[in-house]
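Report on the structure given below.
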Amino acid sequence: LKHRGPDWSGLYQHGDNYLSHQRLAVIDPASGDQPLHNEDETIVVTVNGEIYNHMDLRKNLTGHKFKTGSDCDVIAHLYEEHGENFVDMLDGMFSFVLLDTRDNSYIAARDAIGITSLYIGWGLDGSVWISSELKGLNDDCEHFEVFPPGHLYSSKSGGFKRWYNPPWFSETIPSTPYDPLVLRRAFENAVIKRLMTDVPFGVLLSGGLDSSLVASITARHLAGTKAAKQWGAQLHSFCVGLEGSPDLKAAREVADYLGTVHHEFHFTVQDGIDAIEDVIYHIETYDVTTIRASTPMFLMSRKIKSLGVKMVISGEGSDEIFGGYLYFHKAPNKEEFHKETCRKIKALHQYDCLRANKSTSAWGLEARVPFLDKEFINVAMSIDPEAKMINMDQKRIEKWILRRAFDDEEQPYLPKHILYRQKEQFSDGVGYSWIDGLKSHAEEHVTNKMMLNAERIFPHNTPNSAKLTVPGGASVACSTAKAIEWDATWSNNLDPSGRAALGVHNAAYKKNPGSTGSVNLAPSIVDNVPRMMDITGSELFIRS
């Protein structure tokens with residue numbers, strides 16, 4: 001796993017317990033090497049992640065002496081004070097294993113949503129293995145599985161218990177009235193706390209609503225921070241796409257509006273196809289949409305790291321919280337809308353969180369996601385879902401309440417047409433011919449004859465074609481299997497691309513003439529759809 005942490009290797013052994021750590025140094029690079037210890041070194045911990053409230057936690061841990069400035073240094077001391085019941089005090093993204101040498105017990109925990117990756121496995125010799133990636137387990141474990149987000153594993157009980165129990169988790173319909181200023185302040189706070197860094201950083205900017213808001217807030221609040229004093233107050237932004245893609249044009253305009261130092265990376269369909277084998281090795285999934293979106297992110301992360309940047313802030317999570325995927329246009333009522341957002345958030349660790357974490361970690365780059373801040377999720381998920389419902393008659397498009405919260409006439413955050421730009425899934429926004437090219441490649445290399453024994457070779461989630469293999473069941477435009485019931489025509493159009501949202505996406509796939517709802521998924525490039533104006537500027541162009 002050295003690709004995840006190329007800055008330092010740490011190993012600790014006590015009896016038959018071993019803690020191994022590969023460090024990506026973002027906070028206190030000089031002295032924060034792991035494993036970390038308490039004062040007498042009886043408590044040992046290895047951590048992947050960031051604890052954003054570590055300074056406040058340190059103030060409350062009176063009488064404790066910290067050996068490093070690392071944000072993760074608080075974990076061993078919190079365990080001393082509170083035992084296993086401290087995990088909910090941590091505000092951040094994290095996976096950790098903590099060993100108590102006094103009784104040879106250990107605990108492991110994963111953050112609330114599963115932003116950081118974690119797996120657990122069991123060996124025939126009675127051993128228990130825990131790793132940030134499956135690659136660390138497959139040689140030694142008879143069985144391994146995903147370590148569930150929001151859970152703690154204790155060697156004393158030999159099992160899991162959930163430490164994250166927010167009100168929305170029960171899927172009870174909330175009733176708090178929508179207040180745009182409350183929502184705005186909550187998200188601004190989520191972004192600001194993620195400016196904590198001792199290394200160069202930037203923002204991922206696709207030109208869509210979510211990443212553009214992250215970039216806008218970061219640009220507003222960067223001046224005066226420790227990061228600005230160390231690395232300069234001008235924000236760096238990064239975008240990737242096929243030449244002429246929707247995202248590149250929109251991102252260029254947003255970067256010009258915000259005054260960022262903008263870095264634009266181009267790739268070709270062949271570049272992406274050539275990288276897929278490496279992408280799957282790193283992200284460890286066969287989910288169609290995740291692979292489609294991970295490939296350009298994987299290529300971009302390599303370029304970003306080559307520029308000396310070690311941390312980026314990204315916009316994952318907004319679509320799950322606010323019902324931003326285009327299929328939410330068909331939600332029949334607020335109850336179904338809210339329950340679907342709950343299902344989507346609970347599944348994030350399998351999809352967008354996995355992509356954001358592993359595509360970047362493959363090159364020793366850290367991704368932070370303010371939309372998945374615990375406090376922000378509590379605010380956003382307590383809003384009466386009636387306010388989130390899409391109503392085109394009232395000109396309320398997807399994620400209307402988020403757009404409205406940042407629609408400030410006096411001090412605009414973004415240009416209006418960016419603030420109200422239609423949702424574009426990342427794998428679509430980098431260029432429609434990327435997905436179309438992948439489909440052509442699959443159709444050329446995967447034959448019907450190769451699929452004859454699919455049920456026996458792939459008994460779990462058996463693919464019925466080269467394109468439609470999604471863990472958890474069928475999907476249209478990134479929906480859950482349950483949401484397919486919202487529109488009868490979708491069962492004939494099971495493709496996770498946003499363009500599969502017929503009648504919603506501006507560049508949706510076209511129905512076959514005379515069909516009864518079936519959709520022509522043959523590769524085609526839509527060129528006649530109005531797009532953003534091409535804004536020229538002084539960007540850095542790097543071709544892979």
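Chain identifiers are assigned as A, B, and so on, following the order in which chains appear in the structure tokens; residues are numbered from 1 within each chain, and ligands are numbered from 1 in order of appearance.
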
Worksheet item: Could you pull the residues within 6 Å of Ala109 in chain A, counting only C-alpha atoms, minus those fewer than 3 positions along the same chain, as a VMD selection string?
Response: chain A and resid 95 to 96 151 to 152

I need the chosen residues saved as a PDB file, in the first residue's frame, with C-alpha atoms.
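Once everything was written out, this is selection-v2.pdb:
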```pdb
ATOM      1  CA  SER A  95     -10.019   4.853   9.578  1.00  0.00           C
ATOM      2  CA  PHE A  96      -7.902   3.707  12.499  1.00  0.00           C
ATOM      3  CA  HIS A 151     -18.979   1.346  12.999  1.00  0.00           C
ATOM      4  CA  LEU A 152     -16.415   0.254  15.573  1.00  0.00           C
TER       5      LEU A 152
END
```

Practice prompt. Please return as number ranges by chain: the residues of range 142-321 of chain A that backbone DSSP assigns to helix (DSSP H, G or I).
Written response: A: 167-170, 180-193, 209-221, 226-231, 246-258, 269-283, 288-306, 318-321

Fill in: Selection: 8 Å around range 31-39 of chain A, only C-alpha atoms, excl. self and same-chain fewer than 2 positions, as a PyMOL selection string
chain A and resi 8-12+19-21+23+25+27-29+41-47+64-70+72-73+76-77

Discussion item. Taking 2 positions as the minimum chain separation for residues in the same chain, which residues sit within 7 Å of range 196-201 of chain A when counting only C-alpha atoms? Answer as a ChimeraX atom specification.
Written reply: /A:26-28,193-194,227,231,309-312

Worksheet item: Can you list every residue in range 347-488 of chain A that DSSP puts in strand (DSSP E or B), as a list in words?
Response: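 Strand (DSSP E or B) members of range 347-488 of chain A, listed: Glu366, Ala367, Arg368, Ile383, Asn391 and Arg396 of chain A.
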